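S.K.: File follows, upload.txt with compact mmCIF, C-alpha atoms:
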```txt
# COMPACT_ATOMS: atom_id res chain seq x y z
CA MET S 1 -36.84 38.63 -58.84
CA SER S 2 -39.62 37.49 -56.47
CA GLU S 3 -39.90 33.83 -55.51
CA LEU S 4 -43.06 33.39 -57.56
CA ASN S 5 -41.49 35.04 -60.62
CA ARG S 6 -38.53 32.69 -60.28
CA TYR S 7 -40.90 29.72 -60.35
CA GLN S 8 -42.64 31.13 -63.44
CA ASN S 9 -39.34 31.01 -65.32
CA PRO S 10 -39.37 27.69 -67.20
CA GLU S 11 -35.57 27.36 -66.89
CA VAL S 12 -35.86 27.48 -63.11
CA PHE S 13 -39.04 25.50 -62.51
CA GLU S 14 -38.10 22.69 -64.89
CA LYS S 15 -34.85 22.09 -63.00
CA LEU S 16 -36.65 22.13 -59.66
CA ALA S 17 -39.43 19.88 -60.93
CA MET S 18 -36.85 17.41 -62.21
CA ALA S 19 -34.90 17.44 -58.92
CA TYR S 20 -38.17 16.96 -57.00
CA ALA S 21 -39.17 13.99 -59.15
CA ALA S 22 -35.71 12.39 -58.96
CA GLY S 23 -35.73 12.79 -55.19
CA THR S 24 -32.70 15.08 -55.00
CA LEU S 25 -34.63 18.08 -53.64
CA HIS S 26 -34.74 17.88 -49.86
CA GLY S 27 -35.69 19.67 -46.66
CA ARG S 28 -37.09 23.18 -46.81
CA ALA S 29 -36.51 23.48 -50.55
CA ARG S 30 -38.68 20.41 -51.12
CA ARG S 31 -41.45 21.68 -48.83
CA ARG S 32 -41.36 25.15 -50.44
CA PHE S 33 -41.60 23.60 -53.89
CA GLU S 34 -44.50 21.36 -52.77
CA THR S 35 -46.44 24.38 -51.53
CA LEU S 36 -45.96 26.23 -54.81
CA LYS S 37 -46.64 23.08 -56.82
CA ASN S 38 -50.01 22.68 -55.12
CA GLU S 39 -50.90 26.29 -55.92
CA HIS S 40 -49.66 26.54 -59.51
CA PHE S 41 -50.89 23.98 -61.96
CA TYR S 42 -48.04 24.48 -64.44
CA LEU S 43 -45.55 23.44 -61.75
CA GLU S 44 -47.72 20.45 -60.91
CA ALA S 45 -48.02 19.39 -64.55
CA THR S 46 -44.27 19.72 -65.21
CA THR S 47 -43.48 17.76 -62.03
CA ASN S 48 -45.97 15.05 -62.99
CA ALA S 49 -44.24 14.67 -66.35
CA PHE S 50 -40.84 14.12 -64.71
CA GLU S 51 -42.33 11.82 -62.05
CA SER S 52 -43.71 9.72 -64.85
CA LYS S 53 -40.20 9.35 -66.32
CA PHE S 54 -38.39 8.54 -63.06
CA GLY S 55 -41.22 6.26 -61.91
CA ASN S 56 -40.01 3.70 -64.45
CA LEU S 57 -37.09 2.98 -62.10
CA VAL S 58 -39.44 0.83 -60.02
CA GLU S 59 -39.16 -1.84 -62.74
CA LEU S 60 -35.54 -2.54 -61.77
CA LEU S 61 -36.42 -3.39 -58.17
CA PRO S 62 -36.68 -7.02 -57.08
CA SER S 63 -40.22 -8.09 -56.18
CA GLU S 64 -40.90 -8.43 -52.43
CA LYS S 65 -44.12 -9.90 -51.11
CA PRO S 66 -45.87 -7.94 -48.36
CA SER S 67 -47.68 -9.84 -45.61
CA ASP S 68 -51.31 -10.87 -46.19
CA ARG S 69 -52.32 -8.45 -43.41
CA VAL S 70 -51.87 -5.49 -45.79
CA TRP S 71 -54.52 -6.59 -48.29
CA LYS S 72 -56.94 -7.50 -45.48
CA ASN S 73 -56.58 -3.99 -44.03
CA ILE S 74 -57.04 -2.35 -47.42
CA GLU S 75 -60.12 -4.43 -48.22
CA SER S 76 -61.67 -3.70 -44.85
CA GLN S 77 -60.98 0.04 -45.13
CA ILE S 78 -62.51 0.25 -48.59
CA GLN S 79 -65.61 -1.64 -47.58
CA THR S 80 -66.04 0.62 -44.57
CA GLN S 81 -65.80 3.68 -46.81
CA ASP S 82 -68.32 2.23 -49.28
CA ALA S 83 -70.73 1.44 -46.46
CA ALA S 84 -70.38 4.98 -45.12
CA GLN S 85 -71.12 6.35 -48.58
CA ASP S 86 -74.22 4.14 -48.91
CA THR S 87 -75.47 5.34 -45.53
CA LYS S 88 -74.91 8.94 -46.57
CA GLN S 89 -76.91 8.39 -49.77
CA ARG S 90 -79.70 6.68 -47.88
CA GLY S 91 -79.72 9.57 -45.43
CA TRP S 92 -80.23 12.09 -48.22
CA PHE S 93 -82.96 9.97 -49.73
CA GLY S 94 -84.69 9.54 -46.40
CA TRP S 95 -84.65 13.27 -45.82
CA LEU S 96 -86.11 14.03 -49.21
CA LYS S 97 -88.68 11.26 -49.35
CA PRO S 98 -91.42 12.86 -47.22
CA ALA S 99 -91.39 15.92 -49.43
CA TYR S 100 -91.95 14.01 -52.63
CA SER S 101 -94.52 11.61 -53.94
CA ALA S 102 -93.52 7.99 -54.60
CA LEU S 103 -93.10 8.88 -58.27
CA ALA S 104 -90.76 11.76 -57.49
CA ALA S 105 -88.76 9.55 -55.12
CA SER S 106 -88.33 6.95 -57.87
CA ALA S 107 -87.20 9.62 -60.30
CA LEU S 108 -84.70 10.85 -57.74
CA ALA S 109 -83.36 7.32 -57.24
CA VAL S 110 -82.84 7.03 -61.01
CA THR S 111 -81.09 10.40 -61.03
CA ILE S 112 -78.76 9.33 -58.21
CA ALA S 113 -78.01 6.07 -60.02
CA LEU S 114 -77.26 7.95 -63.25
CA PHE S 115 -75.03 10.37 -61.39
CA LEU S 116 -73.05 7.49 -59.90
CA VAL S 117 -72.51 6.03 -63.35
CA ILE S 118 -71.36 9.31 -64.83
CA ALA S 119 -69.15 10.27 -61.88
CA PRO S 120 -67.87 7.00 -60.46
CA GLY S 121 -64.91 8.53 -58.60
CA THR S 122 -65.18 10.05 -55.16
CA SER S 123 -63.47 13.23 -56.31
CA ALA S 124 -64.79 15.04 -59.38
CA PRO S 125 -62.31 17.47 -60.96
CA ILE S 126 -62.67 21.05 -59.77
CA ALA S 127 -60.60 22.29 -62.72
CA TYR S 128 -58.30 21.09 -65.49
CA ALA S 129 -54.83 22.26 -66.44
CA ALA S 130 -52.21 21.65 -69.10
CA VAL S 131 -48.73 22.89 -69.90
CA LEU S 132 -48.37 23.21 -73.65
CA GLU S 133 -44.91 22.55 -75.06
CA ASP S 134 -43.34 23.25 -78.42
CA THR S 135 -41.70 20.57 -80.57
CA GLN S 136 -38.50 20.87 -78.51
CA ASN S 137 -40.48 20.23 -75.31
CA ASN S 138 -40.09 23.79 -74.06
CA PRO S 139 -43.09 24.92 -72.01
CA ILE S 140 -44.66 27.84 -73.90
CA ALA S 141 -48.21 28.17 -72.60
CA VAL S 142 -50.27 27.16 -69.60
CA THR S 143 -53.98 26.45 -69.89
CA ARG S 144 -56.54 26.32 -67.14
CA ILE S 145 -60.17 25.27 -67.49
CA THR S 146 -62.45 26.15 -64.59
CA PRO S 147 -66.11 25.50 -63.68
CA ASP S 148 -66.96 29.17 -64.31
CA LEU S 149 -66.88 27.98 -67.94
CA SER S 150 -63.66 29.72 -68.87
CA VAL S 151 -60.58 28.42 -70.64
CA SER S 152 -57.60 30.66 -69.97
CA ILE S 153 -54.46 30.32 -72.06
CA LYS S 154 -51.40 32.16 -70.82
CA MET S 155 -48.37 32.42 -73.08
CA VAL S 156 -45.18 32.13 -71.02
CA LYS S 157 -43.25 32.97 -74.19
CA ALA S 158 -44.68 34.87 -77.17
CA ILE S 159 -45.08 32.93 -80.40
CA GLN S 160 -43.85 34.40 -83.67
CA LEU S 161 -46.67 34.19 -86.21
CA ALA S 162 -46.47 34.59 -89.97
CA ASP S 163 -48.77 37.21 -91.55
CA GLY S 164 -52.22 35.88 -92.32
CA THR S 165 -52.11 33.15 -89.68
CA VAL S 166 -53.93 32.76 -86.41
CA LEU S 167 -53.50 30.45 -83.41
CA LYS S 168 -56.31 28.05 -82.56
CA LEU S 169 -56.84 25.83 -79.52
CA TRP S 170 -58.00 22.22 -80.07
CA CYS S 171 -59.20 19.48 -77.71
CA HIS S 172 -58.44 15.84 -78.52
CA PRO S 173 -60.63 13.08 -77.03
CA LYS S 174 -58.77 10.54 -74.84
CA ASN S 175 -60.12 7.67 -76.88
CA GLY S 176 -59.17 9.10 -80.28
CA GLY S 177 -61.45 10.74 -82.82
CA LYS S 178 -61.59 14.19 -84.34
CA PRO S 179 -60.34 17.15 -82.29
CA THR S 180 -62.72 19.97 -81.36
CA GLU S 181 -61.81 23.58 -82.10
CA MET S 182 -62.17 25.69 -78.94
CA GLY S 183 -61.33 29.13 -80.32
CA VAL S 184 -58.70 31.61 -81.41
CA VAL S 185 -55.78 32.32 -79.06
CA SER S 186 -53.55 35.38 -78.87
CA HIS S 187 -49.85 34.78 -79.64
CA THR S 188 -48.92 36.70 -76.49
CA GLY S 189 -50.35 37.45 -73.04
CA GLU S 190 -53.49 35.76 -71.78
CA THR S 191 -56.60 34.74 -73.70
CA THR S 192 -59.88 33.64 -72.15
CA ILE S 193 -62.37 31.54 -74.08
CA THR S 194 -65.87 30.91 -72.74
CA ILE S 195 -67.22 27.39 -73.05
CA SER S 196 -70.70 25.95 -72.65
CA PRO S 197 -71.76 23.84 -69.63
CA GLU S 198 -71.84 20.86 -71.99
CA GLU S 199 -68.24 21.51 -73.07
CA TRP S 200 -67.20 21.75 -69.41
CA GLU S 201 -68.82 18.37 -68.76
CA ASN S 202 -67.03 16.91 -71.76
CA MET S 203 -63.62 17.97 -70.45
CA LYS S 204 -63.36 14.68 -68.55
CA THR S 205 -63.12 12.93 -71.92
CA VAL S 206 -60.37 15.20 -73.25
CA GLY S 207 -56.82 13.85 -73.21
CA LYS S 208 -54.70 16.33 -75.10
CA LEU S 209 -54.74 20.02 -76.03
CA GLU S 210 -53.04 21.48 -79.07
CA ILE S 211 -52.46 24.96 -80.43
CA SER S 212 -52.15 25.20 -84.19
CA ALA S 213 -51.21 27.99 -86.58
CA ASP S 214 -53.91 28.22 -89.24
CA SER S 215 -54.49 30.57 -92.12
CA TYR S 216 -57.29 33.08 -91.63
CA GLY S 217 -60.60 31.50 -92.56
CA SER S 218 -59.16 28.02 -93.16
CA ALA S 219 -61.63 25.15 -93.02
CA GLN S 220 -61.60 22.82 -90.01
CA THR S 221 -60.65 19.95 -92.25
CA SER S 222 -57.59 21.64 -93.76
CA LYS S 223 -54.16 20.46 -92.61
CA ARG S 224 -53.13 22.18 -89.40
CA SER S 225 -49.62 23.09 -88.32
CA ILE S 226 -49.35 22.04 -84.66
CA LEU S 227 -47.10 24.37 -82.69
CA LEU S 228 -47.85 23.37 -79.10
CA LYS S 229 -49.31 20.39 -77.36
CA GLY S 230 -49.82 19.11 -73.82
CA TYR S 231 -51.89 16.66 -71.83
CA LEU S 232 -54.87 17.82 -69.81
CA SER S 233 -54.76 16.99 -66.08
CA PRO S 234 -57.83 16.99 -63.86
CA ILE S 235 -57.37 18.88 -60.60
CA THR S 236 -59.21 17.46 -57.64
CA GLU S 237 -59.60 18.60 -54.08
CA LYS S 238 -56.77 17.18 -51.97
CA MET J 1 -54.49 -2.05 -74.35
CA GLU J 2 -50.71 -2.52 -73.97
CA ASP J 3 -50.52 -1.60 -70.28
CA PRO J 4 -52.42 -4.25 -68.25
CA PHE J 5 -52.16 -2.13 -65.08
CA ALA J 6 -53.82 0.78 -66.90
CA GLU J 7 -56.77 -1.40 -67.82
CA LEU J 8 -57.15 -2.50 -64.19
CA LEU J 9 -56.87 1.10 -62.97
CA ILE J 10 -59.62 2.20 -65.32
CA ARG J 11 -61.83 -0.57 -63.95
CA CYS J 12 -60.94 0.59 -60.41
CA SER J 13 -62.21 4.07 -61.33
CA GLU J 14 -65.56 2.33 -61.98
CA GLN J 15 -65.42 0.91 -58.41
CA ASP J 16 -64.58 -2.61 -59.62
CA GLN J 17 -63.17 -4.29 -56.50
CA VAL J 18 -62.21 -7.47 -58.36
CA ALA J 19 -59.97 -5.40 -60.63
CA PHE J 20 -58.53 -3.65 -57.58
CA LYS J 21 -57.57 -6.95 -55.98
CA GLN J 22 -55.90 -8.07 -59.21
CA LEU J 23 -54.08 -4.76 -59.41
CA TYR J 24 -52.86 -5.16 -55.83
CA GLN J 25 -51.70 -8.73 -56.40
CA GLN J 26 -49.74 -7.80 -59.52
CA ALA J 27 -48.32 -4.42 -58.58
CA SER J 28 -47.76 -4.64 -54.82
CA PRO J 29 -44.47 -6.64 -54.93
CA LYS J 30 -42.66 -3.87 -56.83
CA LEU J 31 -44.29 -1.06 -54.86
CA TYR J 32 -43.57 -2.78 -51.54
CA SER J 33 -39.95 -3.20 -52.63
CA LEU J 34 -39.76 0.56 -53.24
CA ALA J 35 -41.40 1.33 -49.88
CA LEU J 36 -38.98 -1.03 -48.10
CA ARG J 37 -35.96 0.80 -49.44
CA LEU J 38 -37.31 4.17 -48.46
CA MET J 39 -38.64 3.18 -45.03
CA GLN J 40 -36.07 0.47 -44.12
CA LYS J 41 -38.55 -1.25 -41.79
CA PRO J 42 -41.08 -3.85 -43.06
CA GLU J 43 -43.87 -2.67 -40.73
CA LEU J 44 -43.48 0.95 -41.86
CA ALA J 45 -43.21 -0.10 -45.50
CA GLU J 46 -46.45 -2.09 -45.15
CA ASP J 47 -48.20 0.96 -43.67
CA VAL J 48 -47.02 3.01 -46.64
CA LEU J 49 -48.18 0.33 -49.08
CA GLN J 50 -51.60 0.20 -47.44
CA GLU J 51 -52.05 3.99 -47.51
CA SER J 52 -50.81 4.11 -51.10
CA PHE J 53 -53.32 1.53 -52.33
CA ILE J 54 -56.19 3.31 -50.55
CA LYS J 55 -55.16 6.47 -52.42
CA ILE J 56 -54.81 4.55 -55.70
CA TRP J 57 -58.38 3.27 -55.24
CA GLN J 58 -59.73 6.73 -54.41
CA LYS J 59 -57.85 8.57 -57.15
CA ALA J 60 -57.97 5.96 -59.93
CA ASP J 61 -60.24 8.25 -61.96
CA THR J 62 -57.50 10.91 -62.14
CA TYR J 63 -55.03 8.57 -63.85
CA ASN J 64 -54.53 9.46 -67.52
CA ALA J 65 -53.02 6.66 -69.59
CA GLN J 66 -51.79 9.15 -72.20
CA LYS J 67 -49.45 10.73 -69.65
CA GLY J 68 -47.58 7.64 -68.55
CA LYS J 69 -47.71 4.03 -67.49
CA ALA J 70 -49.96 2.99 -64.63
CA LEU J 71 -47.07 1.43 -62.70
CA THR J 72 -45.06 4.69 -62.77
CA TRP J 73 -48.15 6.60 -61.56
CA MET J 74 -48.57 4.13 -58.70
CA ALA J 75 -44.83 4.27 -57.92
CA THR J 76 -45.09 8.06 -57.61
CA VAL J 77 -48.07 7.71 -55.24
CA THR J 78 -46.12 5.19 -53.12
CA ARG J 79 -42.89 7.17 -53.10
CA ASN J 80 -44.63 10.39 -52.07
CA LYS J 81 -46.54 8.55 -49.32
CA ALA J 82 -43.25 7.13 -48.03
CA LEU J 83 -41.53 10.52 -48.03
CA ASP J 84 -44.53 12.10 -46.26
CA LYS J 85 -44.39 9.38 -43.61
CA LEU J 86 -40.65 9.74 -43.11
CA ARG J 87 -41.17 13.46 -42.68
CA SER J 88 -44.06 13.06 -40.24
CA LEU J 89 -42.14 10.51 -38.16
CA LYS J 90 -39.03 12.70 -38.38
CA LEU J 91 -37.02 9.56 -39.02
CA LYS J 92 -33.39 9.88 -39.86
CA SER J 93 -31.40 7.10 -41.44
CA LYS J 94 -28.87 7.28 -38.60
CA GLU J 95 -31.57 6.24 -36.16
CA MET J 96 -32.58 3.19 -38.15
CA ASP J 97 -31.05 -0.21 -38.67
CA ILE J 98 -30.14 -0.25 -42.32
CA GLN J 99 -31.55 -3.43 -43.81
CA TYR J 100 -31.84 -2.47 -47.42
CA GLU J 101 -29.04 -0.67 -49.24
CA GLY J 102 -27.00 -0.66 -52.40
CA LEU J 103 -27.94 -0.72 -56.05
CA ASP J 104 -27.23 -4.34 -56.93
CA PHE J 105 -30.62 -4.64 -58.57
CA ALA J 106 -29.75 -1.77 -60.91
CA SER J 107 -26.09 -2.88 -61.39
CA THR J 108 -23.37 -0.46 -62.39
CA ASP J 109 -23.72 -1.18 -66.10
CA LEU J 110 -27.52 -1.08 -65.86
CA GLU J 111 -27.86 -4.46 -67.51
CA PRO J 112 -30.43 -6.34 -65.42
CA ASP J 113 -30.90 -10.10 -65.70
CA HIS J 114 -34.25 -9.81 -67.42
CA GLN J 115 -33.87 -6.92 -69.84
CA GLU J 116 -36.62 -8.27 -72.03
CA ASP J 117 -39.07 -7.69 -69.19
CA LEU J 118 -38.37 -3.97 -69.11
CA SER J 119 -40.81 -1.57 -70.71
CA GLN J 120 -39.72 0.62 -73.61
CA GLU J 121 -39.91 3.63 -71.29
CA MET J 122 -37.52 2.01 -68.79
CA GLN J 123 -35.15 1.00 -71.57
CA ARG J 124 -35.15 4.60 -72.77
CA LEU J 125 -34.49 5.85 -69.24
CA ARG J 126 -31.69 3.31 -68.89
CA GLU J 127 -30.05 4.64 -72.07
CA CYS J 128 -30.25 8.16 -70.63
CA LEU J 129 -28.75 7.03 -67.31
CA LYS J 130 -25.89 5.34 -69.13
CA GLN J 131 -24.81 8.77 -70.39
CA LEU J 132 -23.98 9.80 -66.82
CA GLN J 133 -20.70 9.25 -65.06
CA PRO J 134 -21.01 6.34 -62.59
CA SER J 135 -20.73 8.67 -59.57
CA GLN J 136 -23.49 10.95 -60.92
CA ARG J 137 -25.71 7.97 -61.67
CA GLU J 138 -25.12 6.39 -58.27
CA CYS J 139 -26.08 9.59 -56.42
CA ILE J 140 -29.29 10.06 -58.40
CA LEU J 141 -30.35 6.42 -58.05
CA LEU J 142 -29.59 6.37 -54.32
CA SER J 143 -31.66 9.54 -53.92
CA TYR J 144 -34.59 8.04 -55.81
CA TYR J 145 -34.63 4.58 -54.25
CA TYR J 146 -33.56 5.45 -50.70
CA GLY J 147 -34.50 9.12 -50.35
CA HIS J 148 -30.96 10.01 -49.23
CA THR J 149 -30.19 13.69 -48.71
CA HIS J 150 -27.02 15.29 -50.07
CA GLN J 151 -25.48 15.11 -46.59
CA GLU J 152 -26.33 11.43 -46.21
CA LEU J 153 -24.84 10.67 -49.62
CA SER J 154 -21.69 12.59 -48.69
CA GLU J 155 -21.29 10.44 -45.56
CA LYS J 156 -22.22 7.20 -47.29
CA LEU J 157 -19.86 7.71 -50.21
CA ASN J 158 -17.21 9.40 -48.08
CA LYS J 159 -17.00 12.38 -50.44
CA PRO J 160 -17.20 16.13 -49.73
CA LEU J 161 -20.71 17.58 -49.71
CA GLY J 162 -19.84 20.00 -52.52
CA THR J 163 -18.67 17.13 -54.71
CA VAL J 164 -21.91 15.21 -54.17
CA LYS J 165 -23.98 18.31 -54.97
CA ALA J 166 -21.98 18.91 -58.14
CA TRP J 167 -22.41 15.27 -59.25
CA ILE J 168 -26.16 15.50 -58.80
CA ARG J 169 -26.47 18.89 -60.50
CA ARG J 170 -24.41 17.82 -63.51
CA GLY J 171 -26.14 14.46 -63.67
CA LEU J 172 -29.57 16.08 -63.85
CA GLU J 173 -28.33 18.59 -66.44
CA THR J 174 -27.13 15.68 -68.61
CA LEU J 175 -30.38 13.77 -68.11
CA LYS J 176 -32.72 16.67 -68.92
CA PRO J 177 -32.32 16.82 -72.73
CA CYS J 178 -32.27 13.04 -72.92
CA LEU J 179 -35.51 12.69 -70.96
CA SER J 180 -37.20 15.39 -73.04
```
Please express what this file holds, its structure, as structure tokens.

M.R.:
Amino acid sequence: MSELNRYQNPEVFEKLAMAYAAGTLHGRARRRFETLKNEHFYLEATTNAFESKFGNLVELLPSEKPSDRVWKNIESQIQTQDAAQDTKQRGWFGWLKPAYSALAASALAVTIALFLVIAPGTSAPIAYAAVLEDTQNNPIAVTRITPDLSVSIKMVKAIQLADGTVLKLWCHPKNGGKPTEMGVVSHTGETTITISPEEWENMKTVGKLEISADSYGSAQTSKRSILLKGYLSPITEK
Amino acid sequence: MEDPFAELLIRCSEQDQVAFKQLYQQASPKLYSLALRLMQKPELAEDVLQESFIKIWQKADTYNAQKGKALTWMATVTRNKALDKLRSLKLKSKEMDIQYEGLDFASTDLEPDHQEDLSQEMQRLRECLKQLQPSQRECILLSYYYGHTHQELSEKLNKPLGTVKAWIRRGLETLKPCLS
């Protein structure tokens, strides 16, 4: 079995992800796992889930006050970065200004301001990923959403489906509300669903993905049987 | 919102520096404590804390409250920064004066003084850890808080390397279904 195939086996990668998060994976094994984790989003998502569990251990630690120097350094570094960003924006504007009328320059300023409101972070996601687990928390499918407007769903294990039923992928908004149906998914292998640019933009508001088993032709409002679910993680450039 | 740190982190993602200062003031004592145990030297721990909070500020928009508490997310950022720094400095515990050690704060029966202050998630984790044998639990907690390798644990606990590895393996196997 190749190294990559080993890491695609949930039995193997879950143990490694857990050891990594608990801090018991060391040396070359840790570095090898980190390399693969950065390349394969399902490893990253599984590791994040375990890190979230073990991270609670920080609550048991006694509080220790760092020196005031630390905050001063942080504040100064952040302000320097902000100033550099402002300069960069002014530079762009200055370069464009001669080419546009005053009206066009104003419109551009509004556009930049709007962009900053919509994308406040310095690192917009370059993709999204989720590991979908069954009710026993076994990883069954991995989903990847990329800017080429594709949603790929890869079944790590095939799902047994009753006759007359079909699998559907759903997106749940982070802040609650009705889920959106994304399309029909094959019970085995890989399925690719194409989304619209607007749906890609909306991915930043999605918190959870689910795969349900529905009867053929069932209405969106009918009760769905949820087989798999998982949280969507944004992937940003390191 | 139940998690006050999560609310502050969301405001940080909107570049709110007031929220960031509040977040630092409230969360830094625990995160610094974690960095101190991993780095063993206050000046190194402060460097780690500084780098961690810069990353927290830059990556606040990637935090997803549905996937876990904000403090655990920040603890993971801090722990990974500390381990990266240890690796880059090629520091070995033998070369350092050990100032911080032991698990008194976690106590063998995992009954801290202020249980009521613990989150539900930590209480659940504590119940899972109680299922382990004391030796298994000690190895896993020392690995998490101090970043000890199997070899270092073997020397520290004066037990054969194979025994330490077996304790850790069995401990994680016991924890896995409980954590799921």

S.K.: Please compute the CA of Lys55 (chain J)-CA of Lys81 (chain J) distance, one decimal, in Å.

M.R.: 9.4 Å

S.K.: For the interface of chain J with chain S (cut-off 7 Å, counting all atoms listed in the file), please tabulate each contacting residue of chain J alongside its nearest pair of atoms and their separation in Å to one decimal, rows sorted by chain and increasing number, as a tab-separated table.

M.R.:
```
residue	atom	partner	partner_atom	distance
J:Ser13	CA	S:Gly121	CA	5.9
J:Glu14	CA	S:Pro120	CA	5.4
J:Gln15	CA	S:Pro120	CA	6.9
J:Pro29	CA	S:Ser63	CA	4.7
J:Lys30	CA	S:Ser63	CA	4.9
J:Tyr32	CA	S:Glu64	CA	6.3
J:Ser33	CA	S:Glu64	CA	5.3
J:Leu34	CA	S:Val58	CA	6.8
J:Glu46	CA	S:Val70	CA	6.4
J:Gln50	CA	S:Val70	CA	5.9
J:Ile54	CA	S:Ile74	CA	6.5
J:Gln58	CA	S:Thr122	CA	6.4
J:Asp61	CA	S:Gly121	CA	5.8
J:Thr62	CA	S:Pro234	CA	6.3
J:Gln66	CA	S:Gly207	CA	7.0
J:Lys67	CA	S:Tyr231	CA	6.8
J:Gly68	CA	S:Ser52	CA	5.7
J:Thr72	CA	S:Gly55	CA	4.2
J:Trp73	CA	S:Ser52	CA	6.3
J:Ala75	CA	S:Gly55	CA	5.7
J:Thr76	CA	S:Gly55	CA	6.1
J:Phe105	CA	S:Leu61	CA	5.9
J:Ala106	CA	S:Leu60	CA	5.9
J:Leu118	CA	S:Glu59	CA	6.8
J:Glu121	CA	S:Asn56	CA	6.8
J:Met122	CA	S:Asn56	CA	5.3
J:Ile140	CA	S:Ala22	CA	6.9
J:Ser143	CA	S:Gly23	CA	5.4
J:Tyr144	CA	S:Gly23	CA	4.9
J:Gly147	CA	S:Gly23	CA	6.2
J:Thr149	CA	S:His26	CA	6.3
J:Ser180	CA	S:Asn137	CA	6.3
```

S.K.: Atoms to include: C-alpha atoms. Write the selected residues as a PDB file, in the frame of the given file.

M.R.:
```pdb
ATOM      1  CA  SER J  13     -62.210   4.070 -61.330  1.00  0.00           C
ATOM      2  CA  GLU J  14     -65.560   2.330 -61.980  1.00  0.00           C
ATOM      3  CA  GLN J  15     -65.420   0.910 -58.410  1.00  0.00           C
ATOM      4  CA  PRO J  29     -44.470  -6.640 -54.930  1.00  0.00           C
ATOM      5  CA  LYS J  30     -42.660  -3.870 -56.830  1.00  0.00           C
ATOM      6  CA  TYR J  32     -43.570  -2.780 -51.540  1.00  0.00           C
ATOM      7  CA  SER J  33     -39.950  -3.200 -52.630  1.00  0.00           C
ATOM      8  CA  LEU J  34     -39.760   0.560 -53.240  1.00  0.00           C
ATOM      9  CA  GLU J  46     -46.450  -2.090 -45.150  1.00  0.00           C
ATOM     10  CA  GLN J  50     -51.600   0.200 -47.440  1.00  0.00           C
ATOM     11  CA  ILE J  54     -56.190   3.310 -50.550  1.00  0.00           C
ATOM     12  CA  GLN J  58     -59.730   6.730 -54.410  1.00  0.00           C
ATOM     13  CA  ASP J  61     -60.240   8.250 -61.960  1.00  0.00           C
ATOM     14  CA  THR J  62     -57.500  10.910 -62.140  1.00  0.00           C
ATOM     15  CA  GLN J  66     -51.790   9.150 -72.200  1.00  0.00           C
ATOM     16  CA  LYS J  67     -49.450  10.730 -69.650  1.00  0.00           C
ATOM     17  CA  GLY J  68     -47.580   7.640 -68.550  1.00  0.00           C
ATOM     18  CA  THR J  72     -45.060   4.690 -62.770  1.00  0.00           C
ATOM     19  CA  TRP J  73     -48.150   6.600 -61.560  1.00  0.00           C
ATOM     20  CA  ALA J  75     -44.830   4.270 -57.920  1.00  0.00           C
ATOM     21  CA  THR J  76     -45.090   8.060 -57.610  1.00  0.00           C
ATOM     22  CA  PHE J 105     -30.620  -4.640 -58.570  1.00  0.00           C
ATOM     23  CA  ALA J 106     -29.750  -1.770 -60.910  1.00  0.00           C
ATOM     24  CA  LEU J 118     -38.370  -3.970 -69.110  1.00  0.00           C
ATOM     25  CA  GLU J 121     -39.910   3.630 -71.290  1.00  0.00           C
ATOM     26  CA  MET J 122     -37.520   2.010 -68.790  1.00  0.00           C
ATOM     27  CA  ILE J 140     -29.290  10.060 -58.400  1.00  0.00           C
ATOM     28  CA  SER J 143     -31.660   9.540 -53.920  1.00  0.00           C
ATOM     29  CA  TYR J 144     -34.590   8.040 -55.810  1.00  0.00           C
ATOM     30  CA  GLY J 147     -34.500   9.120 -50.350  1.00  0.00           C
ATOM     31  CA  THR J 149     -30.190  13.690 -48.710  1.00  0.00           C
ATOM     32  CA  SER J 180     -37.200  15.390 -73.040  1.00  0.00           C
TER      33      SER J 180
END
```

S.K.: Residues at most 8 Å from Leu83 (chain J), counting only C-alpha atoms, excluding those fewer than 4 positions away in the same chain, as a list in words?

M.R.: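 Residues meeting the cut-off are Leu38, Arg79, Arg87 and Gly147 of chain J.
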
S.K.: Quick one: residues within 12 Å of Ser225 (chain S), all atoms listed in the file, excluding same-chain residues fewer than 4 positions away - as a VMD selection string?

M.R.: chain S and resid 134 to 135 161 165 to 170 210 to 215 218 229

S.K.: May I ask for the distance between CA of Ala45 (chain J) and CA of Ala82 (chain J), given in Å to one decimal place?

M.R.: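 Atom-to-atom, CA of Ala45 (chain J) and CA of Ala82 (chain J) are spaced 7.7 Å apart.
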
S.K.: Up to 12 Å from (-50.8, -0.9, -70.7) in the file's coordinates: name the residues, counting only C-alpha atoms, as a list of chain:residue names.

M.R.: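 Checking each residue against the 12 Å limit leaves J:Met1, J:Glu2, J:Asp3, J:Pro4, J:Phe5, J:Ala6, J:Glu7, J:Leu8, J:Leu9, J:Ile10, J:Asn64, J:Ala65, J:Gln66, J:Lys67, J:Gly68, J:Lys69, J:Ala70, J:Leu71, J:Thr72, J:Ser119, J:Gln120, J:Glu121.
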